[in-house]
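Here is the file input_15.txt (compact mmCIF, C-alpha atoms and all ligand atoms).
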```
# COMPACT_ATOMS: atom_id res chain seq x y z
CA MET A 161 -19.11 -9.70 -2.02
CA SER A 162 -20.80 -6.75 -0.38
CA ALA A 163 -20.07 -3.26 -1.63
CA ARG A 164 -18.45 -2.51 1.70
CA HIS A 165 -15.97 -5.31 1.50
CA LEU A 166 -13.66 -4.40 4.35
CA VAL A 167 -15.02 -2.59 7.39
CA LEU A 168 -12.91 -1.33 10.30
CA SER A 169 -15.06 0.02 13.13
CA GLY A 170 -13.91 1.88 16.21
CA ILE A 171 -10.45 0.36 16.22
CA ALA A 172 -8.14 1.19 19.11
CA LYS A 173 -4.70 -0.23 19.84
CA SER A 174 -2.24 0.54 22.63
CA PHE A 175 1.39 -0.40 23.04
CA ASP A 176 3.80 -0.17 25.95
CA GLY A 177 6.39 2.49 25.24
CA PRO A 178 9.22 4.22 27.09
CA SER A 179 6.75 6.61 28.73
CA GLY A 180 4.17 3.98 29.58
CA ARG A 181 1.28 2.51 27.72
CA GLN A 182 0.08 4.64 24.85
CA ARG A 183 -3.01 4.44 22.71
CA VAL A 184 -1.45 4.61 19.26
CA VAL A 185 -4.62 4.23 17.21
CA ASP A 186 -7.98 5.32 18.58
CA GLY A 187 -11.42 5.48 16.97
CA PHE A 188 -10.19 4.35 13.58
CA ASP A 189 -13.11 3.79 11.19
CA LEU A 190 -12.78 2.89 7.53
CA GLU A 191 -14.89 1.17 4.89
CA VAL A 192 -13.28 -0.13 1.72
CA GLU A 193 -15.41 -1.21 -1.18
CA ALA A 194 -14.84 -4.32 -3.24
CA ARG A 195 -12.26 -3.73 -6.00
CA GLU A 196 -11.28 -0.38 -4.54
CA LEU A 197 -7.65 0.70 -4.17
CA VAL A 198 -7.30 2.86 -1.08
CA ALA A 199 -4.11 4.67 -0.11
CA LEU A 200 -3.40 5.26 3.58
CA ILE A 201 -1.10 8.19 4.20
CA GLY A 202 0.17 9.84 7.36
CA HIS A 203 3.29 10.91 9.21
CA SER A 204 5.89 8.36 10.21
CA GLY A 205 4.92 6.56 13.40
CA CYS A 206 1.23 7.50 13.29
CA GLY A 207 0.11 3.88 13.15
CA LYS A 208 -0.33 2.97 9.47
CA SER A 209 1.50 -0.36 9.71
CA THR A 210 -0.35 -1.10 12.93
CA VAL A 211 -3.66 -0.70 11.11
CA LEU A 212 -2.48 -2.94 8.25
CA SER A 213 -1.19 -5.52 10.67
CA MET A 214 -4.57 -5.64 12.42
CA VAL A 215 -6.34 -6.18 9.08
CA ALA A 216 -3.82 -8.93 8.33
CA GLY A 217 -4.74 -10.53 11.66
CA LEU A 218 -1.13 -10.36 12.86
CA THR A 219 -2.04 -7.90 15.63
CA LYS A 220 -5.32 -7.85 17.50
CA PRO A 221 -7.15 -4.57 18.11
CA ASP A 222 -7.88 -3.82 21.79
CA VAL A 223 -11.23 -2.34 20.84
CA GLY A 224 -13.36 -2.45 17.69
CA SER A 225 -13.95 -4.89 14.90
CA ILE A 226 -12.59 -5.72 11.47
CA VAL A 227 -14.90 -7.47 9.04
CA LEU A 228 -13.74 -8.75 5.65
CA GLY A 229 -16.29 -10.10 3.18
CA GLY A 230 -18.83 -10.43 5.99
CA ARG A 231 -16.49 -12.39 8.31
CA ALA A 232 -14.78 -11.04 11.41
CA VAL A 233 -10.99 -10.99 11.13
CA LYS A 234 -9.50 -12.87 14.09
CA ASP A 235 -6.29 -14.42 12.77
CA PRO A 236 -4.07 -14.30 9.71
CA GLY A 237 -5.51 -16.08 6.68
CA PRO A 238 -4.99 -16.72 2.97
CA ASP A 239 -7.83 -14.32 2.15
CA ARG A 240 -5.38 -11.50 2.91
CA GLY A 241 -2.19 -10.92 0.95
CA MET A 242 0.68 -8.80 2.21
CA VAL A 243 3.36 -6.95 0.27
CA PHE A 244 6.15 -5.33 2.29
CA GLN A 245 9.09 -3.12 1.35
CA SER A 246 11.10 -6.19 0.44
CA ALA A 247 9.66 -9.12 -1.41
CA CYS A 248 10.39 -11.97 1.08
CA LEU A 249 10.88 -14.57 -1.67
CA LEU A 250 12.09 -18.09 -0.99
CA PRO A 251 15.77 -17.80 -1.96
CA TRP A 252 16.23 -21.39 -3.12
CA MET A 253 13.37 -21.15 -5.60
CA THR A 254 13.28 -19.46 -9.00
CA ALA A 255 10.97 -16.53 -9.75
CA LEU A 256 8.59 -18.96 -11.46
CA GLN A 257 8.62 -21.39 -8.54
CA ASN A 258 7.93 -18.57 -6.08
CA VAL A 259 4.84 -17.55 -8.06
CA LEU A 260 3.87 -21.19 -8.61
CA LEU A 261 3.60 -21.64 -4.84
CA ALA A 262 0.74 -19.14 -4.86
CA VAL A 263 -0.88 -20.57 -7.97
CA GLU A 264 -0.83 -24.09 -6.47
CA GLN A 265 -2.86 -22.79 -3.53
CA VAL A 266 -5.59 -21.20 -5.61
CA MET A 267 -5.66 -23.76 -8.45
CA PRO A 268 -4.96 -27.02 -6.58
CA SER A 269 -6.85 -29.21 -9.04
CA ALA A 270 -5.36 -27.70 -12.20
CA THR A 271 -2.76 -29.66 -14.14
CA ARG A 272 0.91 -28.80 -13.68
CA ALA A 273 0.93 -27.26 -17.16
CA GLN A 274 -2.04 -25.05 -16.32
CA GLN A 275 -0.43 -23.96 -13.07
CA ARG A 276 2.81 -23.11 -14.87
CA ALA A 277 0.91 -21.20 -17.56
CA SER A 278 -0.89 -19.18 -14.90
CA ALA A 279 2.34 -18.40 -13.02
CA MET A 280 3.97 -17.36 -16.30
CA HIS A 281 1.00 -15.10 -17.03
CA TYR A 282 1.60 -13.21 -13.77
CA LEU A 283 5.32 -12.99 -14.49
CA GLU A 284 4.53 -11.60 -17.94
CA LEU A 285 2.25 -9.00 -16.38
CA VAL A 286 5.13 -7.76 -14.25
CA GLY A 287 7.53 -7.91 -17.22
CA LEU A 288 9.62 -10.78 -15.89
CA ASP A 289 8.84 -13.69 -18.19
CA ASP A 290 12.49 -13.66 -19.35
CA ALA A 291 13.72 -13.96 -15.76
CA ALA A 292 11.42 -16.82 -14.73
CA ALA A 293 14.31 -19.24 -14.20
CA ARG A 294 16.37 -16.89 -12.04
CA LYS A 295 16.63 -17.13 -8.29
CA PRO A 296 16.09 -14.06 -6.05
CA ALA A 297 19.85 -13.56 -5.57
CA GLU A 298 20.15 -13.16 -9.36
CA LEU A 299 17.44 -10.47 -9.45
CA SER A 300 17.66 -6.76 -8.68
CA MET A 301 15.62 -5.38 -5.79
CA GLY A 302 13.06 -3.96 -8.24
CA MET A 303 12.81 -7.32 -10.03
CA ARG A 304 12.31 -9.10 -6.70
CA GLN A 305 9.54 -6.72 -5.84
CA ARG A 306 7.97 -7.45 -9.25
CA VAL A 307 7.99 -11.17 -8.38
CA GLY A 308 6.48 -10.30 -4.99
CA LEU A 309 3.66 -8.42 -6.68
CA ALA A 310 3.11 -11.23 -9.18
CA ARG A 311 2.91 -13.72 -6.29
CA ALA A 312 0.57 -11.49 -4.29
CA PHE A 313 -1.88 -11.13 -7.19
CA ALA A 314 -1.58 -14.83 -8.06
CA CYS A 315 -2.86 -15.62 -4.55
CA ARG A 316 -6.07 -13.78 -5.48
CA PRO A 317 -6.63 -12.56 -1.93
CA ASP A 318 -9.89 -10.90 -0.88
CA VAL A 319 -7.82 -7.92 0.09
CA LEU A 320 -4.23 -7.05 -0.70
CA LEU A 321 -2.36 -5.13 2.00
CA LEU A 322 0.66 -3.20 0.79
CA ASP A 323 2.95 -1.53 3.32
CA GLU A 324 5.13 0.99 1.48
CA PRO A 325 5.84 -1.60 -1.22
CA PHE A 326 8.17 0.73 -3.12
CA GLY A 327 9.75 2.43 -0.14
CA MET A 328 13.19 0.92 -0.67
CA LEU A 329 13.43 1.56 -4.40
CA ASP A 330 15.12 4.41 -6.26
CA SER A 331 12.74 6.87 -7.87
CA ILE A 332 12.96 5.47 -11.42
CA THR A 333 12.40 1.88 -10.31
CA ARG A 334 9.66 3.13 -8.06
CA MET A 335 7.83 4.69 -11.01
CA GLU A 336 8.22 1.48 -13.00
CA LEU A 337 6.79 -0.55 -10.16
CA GLN A 338 3.90 1.86 -9.72
CA ASP A 339 3.06 1.18 -13.38
CA VAL A 340 3.36 -2.57 -12.78
CA LEU A 341 1.00 -2.33 -9.83
CA LEU A 342 -1.43 -0.24 -11.89
CA SER A 343 -1.48 -2.76 -14.72
CA LEU A 344 -1.86 -5.76 -12.38
CA TRP A 345 -4.61 -4.02 -10.49
CA SER A 346 -6.40 -2.90 -13.68
CA GLU A 347 -6.42 -6.46 -14.93
CA HIS A 348 -7.38 -8.18 -11.68
CA ARG A 349 -9.12 -5.47 -9.64
CA ILE A 350 -8.23 -6.86 -6.25
CA THR A 351 -9.40 -4.80 -3.27
CA ALA A 352 -6.27 -3.15 -1.97
CA LEU A 353 -5.21 -1.06 1.00
CA MET A 354 -1.81 0.49 0.47
CA VAL A 355 0.30 2.47 2.90
CA THR A 356 2.45 5.10 1.29
CA HIS A 357 4.35 8.22 2.29
CA ASP A 358 4.20 9.60 -1.20
CA VAL A 359 1.33 11.92 -2.12
CA ASP A 360 1.97 11.63 -5.87
CA GLU A 361 1.96 7.85 -5.65
CA ALA A 362 -1.28 7.87 -3.66
CA LEU A 363 -3.00 10.09 -6.24
CA LEU A 364 -1.67 8.19 -9.24
CA LEU A 365 -2.76 4.80 -7.95
CA SER A 366 -5.72 5.08 -5.64
CA ASP A 367 -9.46 5.64 -5.73
CA ARG A 368 -9.36 7.35 -2.34
CA VAL A 369 -6.64 8.76 -0.16
CA VAL A 370 -7.25 8.19 3.53
CA MET A 371 -5.32 10.71 5.61
CA MET A 372 -4.42 9.67 9.14
CA THR A 373 -3.95 12.12 11.96
CA SER A 374 -0.64 11.96 13.82
CA GLY A 375 -0.52 9.77 16.87
CA PRO A 376 -1.11 9.12 19.63
CA HIS A 377 -4.82 8.44 19.25
CA ALA A 378 -4.44 8.43 15.48
CA HIS A 379 -7.56 8.01 13.38
CA VAL A 380 -8.89 8.93 9.96
CA GLY A 381 -8.70 12.71 9.60
CA GLU A 382 -9.89 13.22 6.05
CA ILE A 383 -10.72 11.14 3.02
CA LEU A 384 -10.08 12.42 -0.48
CA GLU A 385 -11.96 10.93 -3.41
CA VAL A 386 -9.49 10.73 -6.32
CA ALA A 387 -11.95 11.54 -9.08
CA LEU A 388 -9.44 11.11 -11.92
CA GLU A 389 -10.33 8.90 -14.86
CA ARG A 390 -8.53 5.62 -15.43
CA PRO A 391 -6.31 4.52 -17.04
CA ARG A 392 -4.04 7.17 -15.56
CA ASN A 393 -0.54 8.14 -16.44
CA ARG A 394 1.84 10.69 -14.99
CA ARG A 395 1.82 13.05 -17.97
CA MET A 396 -1.96 13.26 -17.80
CA LEU A 397 -1.88 14.02 -14.10
CA VAL A 398 0.69 16.81 -14.27
CA GLU A 399 -1.42 18.56 -16.86
CA ASP A 400 -4.60 18.19 -14.82
CA ALA A 401 -5.52 21.09 -12.54
CA ARG A 402 -7.57 18.70 -10.38
CA PHE A 403 -4.38 16.81 -9.57
CA ASP A 404 -2.69 19.97 -8.29
CA ALA A 405 -5.71 20.80 -6.17
CA MET A 406 -5.79 17.31 -4.65
CA ARG A 407 -2.07 17.37 -4.05
CA GLU A 408 -2.40 20.68 -2.22
CA ARG A 409 -5.19 19.28 -0.10
CA VAL A 410 -3.24 16.22 1.03
CA ILE A 411 -0.08 18.23 1.68
CA GLY A 412 -2.15 20.82 3.52
CA PHE A 413 -3.59 18.10 5.71
CA LEU A 414 -0.17 16.61 6.47
CA GLU A 415 1.33 20.00 7.25
CA GLU A 416 -1.50 21.51 9.23
CA ARG A 417 -4.21 19.13 10.21
CA ALA A 418 -2.46 15.83 10.88
CA GLY A 419 -2.20 16.78 14.52
CA HIS A 420 0.31 19.59 14.30
CA HIS A 421 -1.27 22.65 15.78
CA ALA A 422 1.70 24.85 15.07
CA ALA A 423 3.50 25.31 11.76
CA PRO A 424 5.75 22.36 10.96
CA THR A 425 9.22 22.43 12.46
CA ASP A 426 12.26 22.44 10.17
CA GLU A 427 12.69 18.76 10.90
CA GLU A 428 9.11 17.99 9.91
CA ARG A 429 9.39 20.08 6.76
CA ASP A 430 12.57 18.19 5.86
CA GLU A 431 10.67 14.94 6.31
CA LEU A 432 7.88 16.14 4.04
CA GLU A 433 10.34 17.35 1.42
CA SER A 434 12.28 14.13 1.47
CA LEU A 435 9.05 12.32 0.79
CA SER A 436 8.42 14.49 -2.29
CA LEU A 437 5.54 16.12 -0.47
CA ALA A 438 6.43 19.61 0.54
CA GLU A 439 7.22 21.93 -2.31
CA PRO A 440 4.48 22.34 -4.88
CA SER A 441 4.37 22.08 -8.64
CA SER A 442 7.99 22.14 -9.80
CA LYS A 443 8.81 19.14 -7.66
CA ALA A 444 5.58 17.44 -8.68
CA GLU A 445 6.55 17.76 -12.31
CA ALA A 446 9.99 16.35 -11.63
CA THR A 447 8.47 13.38 -9.86
CA ILE A 448 5.48 12.80 -12.05
CA SER A 449 6.63 13.51 -15.57
CA GLY A 450 9.85 11.55 -15.22
CA SER A 451 8.59 8.36 -16.78
CA ALA A 452 5.65 9.56 -18.81
CA PRO A 453 5.05 7.29 -21.72
N1 LIG A 501 4.82 -4.13 18.68
C1 LIG A 501 4.94 -2.89 19.12
N2 LIG A 501 5.32 -2.65 20.41
C2 LIG A 501 5.43 -1.39 20.88
N3 LIG A 501 5.17 -0.29 20.13
C3 LIG A 501 4.79 -0.47 18.86
C4 LIG A 501 4.66 -1.77 18.28
N4 LIG A 501 4.26 -1.63 17.00
C5 LIG A 501 4.16 -0.31 16.78
N5 LIG A 501 4.47 0.39 17.88
C6 LIG A 501 4.45 1.85 18.04
O1 LIG A 501 3.23 2.31 17.49
C7 LIG A 501 3.44 3.53 16.79
C8 LIG A 501 2.95 3.35 15.35
O2 LIG A 501 3.82 2.45 14.69
P1 LIG A 501 3.60 2.04 13.18
O3 LIG A 501 4.70 1.14 12.81
O4 LIG A 501 2.20 1.56 13.00
O5 LIG A 501 3.73 3.46 12.45
P2 LIG A 501 3.75 3.81 10.90
O6 LIG A 501 2.72 4.87 10.69
O7 LIG A 501 3.65 2.59 10.09
O8 LIG A 501 5.19 4.47 10.76
P3 LIG A 501 6.20 4.47 9.48
O9 LIG A 501 5.58 5.41 8.49
O10 LIG A 501 7.46 5.01 10.03
O11 LIG A 501 6.30 3.08 8.97
C9 LIG A 501 4.92 3.85 16.91
O12 LIG A 501 5.06 4.76 17.97
C10 LIG A 501 5.55 2.53 17.25
O13 LIG A 501 6.68 2.71 18.03
MG MG A 502 4.98 1.60 8.81
```
Hey, can you dump this file as structure tokens for me?
Ligand SMILES: Nc1ncnc2c1ncn2[C@@H]1O[C@H](COP(=O)(O)OP(=O)(O)OP(=O)(O)O)[C@@H](O)[C@H]1O
Ligand SMILES: [Mg+2]
Amino acid sequence: MSARHLVLSGIAKSFDGPSGRQRVVDGFDLEVEARELVALIGHSGCGKSTVLSMVAGLTKPDVGSIVLGGRAVKDPGPDRGMVFQSACLLPWMTALQNVLLAVEQVMPSATRAQQRASAMHYLELVGLDDAAARKPAELSMGMRQRVGLARAFACRPDVLLLDEPFGMLDSITRMELQDVLLSLWSEHRITALMVTHDVDEALLLSDRVVMMTSGPHAHVGEILEVALERPRNRRMLVEDARFDAMRERVIGFLEERAGHHAAPTDEERDELESLSLAEPSSKAEATISGSAP
């Protein structure tokens, strides 16, 4: 694997909209290193999912190239894993069977016992070994998302694409799942590109935060190196002045530089606040210290 594992160069994508064809993403360049976890953040509608979908091969860029592990991305493939807001599990299969499906693909010549042991290992990592025999309908939304993460890591993709994976969860479950993702990623170090709306989440989890300008013609505006030691936990971050400074920088970008030339409107500020972005430290502490170990 090259150091620059995933390379997006000069990506542009247009869609037909109510006011004609619009170039949603334009001049999008990004390089992700092997085993890096990169967070992609930007205002709603700027084109984050579009970028992810192009890396997944589900949507083709109009211009530019996407290269993964030295090969051009043309179509969807098993070298890319996707995690969405909901887990998309097969409802007639148990949690274990859902994960086993992935394990069978990557360990086709292993014995059944080895495959089951591997699937159980992933379920243990997400704290669900006790629920292995339950079907999705018997699991909470957070538990389903845990199975989804276990399955995604069990596939051992070259890159894992996560599109707001915790967006539908309440804040406590969300924090739990962030910890699950951190522990899975620490153990398996899969290259990951994760879309999030949440600045705190981006800083807790990622190596770099890629900030997208607002569309149309959205592209990478700034990249923040999250130079915080790992393993990380929320308590550590709240007490770290570097975290505050980084938080301010990302919020500053979203408020001022994401393509808004004037001060944010009330509506935009509401959006930022609802995403736990707008108001500084007191809110950060509420969000971040909530589940400190
Ligand atoms: N298949 C499509 N056809 C037409 N327009 C599309 C299509 N997919 C995306 N768009 C438009 O492209 C823009 C970017 O959409 P996208 O879903 O990538 O945004 P996003 O940044 O992921 O937003 P959110 O944070 O709300 O999920 C939007 O204006 C959307 O309406
Ligand atoms: Mg989206």
I'd like the interatomic distance between atom CA of Phe326 of chain A and atom MG of ligand MG 502 (chain A), to a tenth of an Å.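 Computing the Euclidean distance for atom CA of Phe326 of chain A and atom MG of ligand MG 502 (chain A) yields 12.4 Å.
When atom CA of Val223 of chain A is paired with atom CA of Val184 of chain A, their separation reads 12.1 Å.
Interatomic distance, atom CA of Tyr282 of chain A against atom CA of Thr254 of chain A: 14.1 Å.
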Which residue, A:Asp176, A:Asp235, A:Glu347, A:Glu399, has the smallest gap to ligand LIG 501 (chain A) when you use only C-alpha atoms and all ligand atoms?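 Checking each candidate against ligand LIG 501 (chain A), we get A:Asp176 as the closest.
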Exercise: Ala273 of chain A partners within 12 Å, only C-alpha atoms, chain neighbours under 4 positions left out, as number ranges by chain: A: 260, 263-264, 267, 269, 277-280
Looking at all atoms listed in the file, which of A:Asp189, A:Asp239, A:Asp323, A:Glu415 is the one that sits closest to Val355 of chain A?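 Checking each candidate against Val355 of chain A, we get A:Asp323 as the closest.
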Which residues are near segment 287-293 of chain A? Cut-off 6 Å, only C-alpha atoms, ignore same chain within fewer than 4 positions. Put them as a list in words.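 What passes the distance filter is Thr254, Ala255, Leu256 and Leu283 of chain A.
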Per-residue nearest contacts of chain A to ligand LIG 501 (chain A) (10 Å; all atoms listed in the file) as JSON lines:
```
{"residue": "A:Lys173", "atom": "CA", "partner": "A:LIG501", "partner_atom": "O1", "distance": 8.7}
{"residue": "A:Ser174", "atom": "CA", "partner": "A:LIG501", "partner_atom": "O1", "distance": 7.7}
{"residue": "A:Phe175", "atom": "CA", "partner": "A:LIG501", "partner_atom": "C2", "distance": 4.7}
{"residue": "A:Asp176", "atom": "CA", "partner": "A:LIG501", "partner_atom": "C2", "distance": 5.5}
{"residue": "A:Gly177", "atom": "CA", "partner": "A:LIG501", "partner_atom": "C2", "distance": 5.9}
{"residue": "A:Pro178", "atom": "CA", "partner": "A:LIG501", "partner_atom": "C2", "distance": 9.2}
{"residue": "A:Arg181", "atom": "CA", "partner": "A:LIG501", "partner_atom": "C2", "distance": 8.9}
{"residue": "A:Gln182", "atom": "CA", "partner": "A:LIG501", "partner_atom": "O1", "distance": 8.3}
{"residue": "A:Arg183", "atom": "CA", "partner": "A:LIG501", "partner_atom": "O1", "distance": 8.4}
{"residue": "A:Val184", "atom": "CA", "partner": "A:LIG501", "partner_atom": "O1", "distance": 5.5}
{"residue": "A:Val185", "atom": "CA", "partner": "A:LIG501", "partner_atom": "C8", "distance": 7.8}
{"residue": "A:Leu200", "atom": "CA", "partner": "A:LIG501", "partner_atom": "O6", "distance": 9.4}
{"residue": "A:Ile201", "atom": "CA", "partner": "A:LIG501", "partner_atom": "O6", "distance": 8.2}
{"residue": "A:Gly202", "atom": "CA", "partner": "A:LIG501", "partner_atom": "O6", "distance": 6.5}
{"residue": "A:His203", "atom": "CA", "partner": "A:LIG501", "partner_atom": "O9", "distance": 6.0}
{"residue": "A:Ser204", "atom": "CA", "partner": "A:LIG501", "partner_atom": "O9", "distance": 3.4}
{"residue": "A:Gly205", "atom": "CA", "partner": "A:LIG501", "partner_atom": "O8", "distance": 3.4}
{"residue": "A:Cys206", "atom": "CA", "partner": "A:LIG501", "partner_atom": "O6", "distance": 4.0}
{"residue": "A:Gly207", "atom": "CA", "partner": "A:LIG501", "partner_atom": "O4", "distance": 3.1}
{"residue": "A:Lys208", "atom": "CA", "partner": "A:LIG501", "partner_atom": "O6", "distance": 3.8}
{"residue": "A:Ser209", "atom": "CA", "partner": "A:LIG501", "partner_atom": "O7", "distance": 3.7}
{"residue": "A:Thr210", "atom": "CA", "partner": "A:LIG501", "partner_atom": "O4", "distance": 3.7}
{"residue": "A:Val211", "atom": "CA", "partner": "A:LIG501", "partner_atom": "O4", "distance": 6.6}
{"residue": "A:Leu212", "atom": "CA", "partner": "A:LIG501", "partner_atom": "O4", "distance": 8.0}
{"residue": "A:Ser213", "atom": "CA", "partner": "A:LIG501", "partner_atom": "O4", "distance": 8.2}
{"residue": "A:Met214", "atom": "CA", "partner": "A:LIG501", "partner_atom": "O4", "distance": 9.9}
{"residue": "A:Thr219", "atom": "CA", "partner": "A:LIG501", "partner_atom": "N1", "distance": 8.4}
{"residue": "A:Asp323", "atom": "CA", "partner": "A:LIG501", "partner_atom": "O7", "distance": 8.0}
{"residue": "A:Glu324", "atom": "CA", "partner": "A:LIG501", "partner_atom": "O11", "distance": 7.9}
{"residue": "A:Gly327", "atom": "CA", "partner": "A:LIG501", "partner_atom": "O11", "distance": 9.8}
{"residue": "A:Val355", "atom": "CA", "partner": "A:LIG501", "partner_atom": "O7", "distance": 7.9}
{"residue": "A:Thr356", "atom": "CA", "partner": "A:LIG501", "partner_atom": "O9", "distance": 7.9}
{"residue": "A:His357", "atom": "CA", "partner": "A:LIG501", "partner_atom": "O9", "distance": 6.9}
{"residue": "A:Met372", "atom": "CA", "partner": "A:LIG501", "partner_atom": "O6", "distance": 8.7}
{"residue": "A:Thr373", "atom": "CA", "partner": "A:LIG501", "partner_atom": "O6", "distance": 9.9}
{"residue": "A:Ser374", "atom": "CA", "partner": "A:LIG501", "partner_atom": "O6", "distance": 8.4}
{"residue": "A:Gly375", "atom": "CA", "partner": "A:LIG501", "partner_atom": "C7", "distance": 7.4}
{"residue": "A:Pro376", "atom": "CA", "partner": "A:LIG501", "partner_atom": "O12", "distance": 7.7}
{"residue": "A:His377", "atom": "CA", "partner": "A:LIG501", "partner_atom": "C7", "distance": 9.9}
{"residue": "A:Ala378", "atom": "CA", "partner": "A:LIG501", "partner_atom": "C8", "distance": 9.0}
```
Under the rule that only C-alpha atoms are counted, which of A:Val259, A:Val380, A:Val192, A:Val233 is the nearest residue to Gly170 of chain A? A:Val380
Counting only C-alpha atoms and all ligand atoms, which of A:Leu190, A:Met354, A:Val369, A:Val386 gets nearest to ligand MG 502 (chain A)?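 Of the candidates, the smallest distance to ligand MG 502 (chain A) is held by A:Met354.
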Which of these residues is nearest to ligand MG 502 (chain A), using all atoms listed in the file: A:His165, A:Ser225, A:Arg195, A:Pro325?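 Using all atoms listed in the file, ligand MG 502 (chain A) sits closest to A:Pro325.
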Please complete segment 343-357 of chain A with N, CA and C atoms and give it back as a CSV table (one decimal), keeping the file's coordinate frame.
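In the end it all went to part32.csv:
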```csv
chain,number,residue,atom,x,y,z
A,343,SER,N,-1.0,-1.8,-13.7
A,343,SER,CA,-1.5,-2.8,-14.7
A,343,SER,C,-2.0,-4.1,-14.1
A,344,LEU,N,-1.3,-4.6,-13.1
A,344,LEU,CA,-1.9,-5.8,-12.4
A,344,LEU,C,-3.2,-5.5,-11.8
A,345,TRP,N,-3.4,-4.3,-11.2
A,345,TRP,CA,-4.6,-4.0,-10.5
A,345,TRP,C,-5.7,-3.8,-11.5
A,346,SER,N,-5.4,-3.1,-12.7
A,346,SER,CA,-6.4,-2.9,-13.7
A,346,SER,C,-6.9,-4.2,-14.2
A,347,GLU,N,-6.0,-5.2,-14.4
A,347,GLU,CA,-6.4,-6.5,-14.9
A,347,GLU,C,-7.2,-7.3,-13.9
A,348,HIS,N,-6.8,-7.3,-12.7
A,348,HIS,CA,-7.4,-8.2,-11.7
A,348,HIS,C,-8.3,-7.5,-10.6
A,349,ARG,N,-8.2,-6.2,-10.5
A,349,ARG,CA,-9.1,-5.5,-9.6
A,349,ARG,C,-9.3,-6.1,-8.3
A,350,ILE,N,-8.2,-6.4,-7.6
A,350,ILE,CA,-8.2,-6.9,-6.2
A,350,ILE,C,-8.4,-5.7,-5.3
A,351,THR,N,-9.3,-5.8,-4.3
A,351,THR,CA,-9.4,-4.8,-3.3
A,351,THR,C,-8.0,-4.6,-2.6
A,352,ALA,N,-7.6,-3.4,-2.5
A,352,ALA,CA,-6.3,-3.2,-2.0
A,352,ALA,C,-6.2,-2.0,-1.0
A,353,LEU,N,-5.5,-2.1,0.0
A,353,LEU,CA,-5.2,-1.1,1.0
A,353,LEU,C,-3.7,-0.9,1.1
A,354,MET,N,-3.2,0.3,0.6
A,354,MET,CA,-1.8,0.5,0.5
A,354,MET,C,-1.3,1.7,1.3
A,355,VAL,N,-0.3,1.4,2.1
A,355,VAL,CA,0.3,2.5,2.9
A,355,VAL,C,1.4,3.1,2.0
A,356,THR,N,1.4,4.4,2.0
A,356,THR,CA,2.4,5.1,1.3
A,356,THR,C,2.8,6.4,2.0
A,357,HIS,N,4.0,6.9,1.8
A,357,HIS,CA,4.4,8.2,2.3
A,357,HIS,C,4.3,9.2,1.2
```
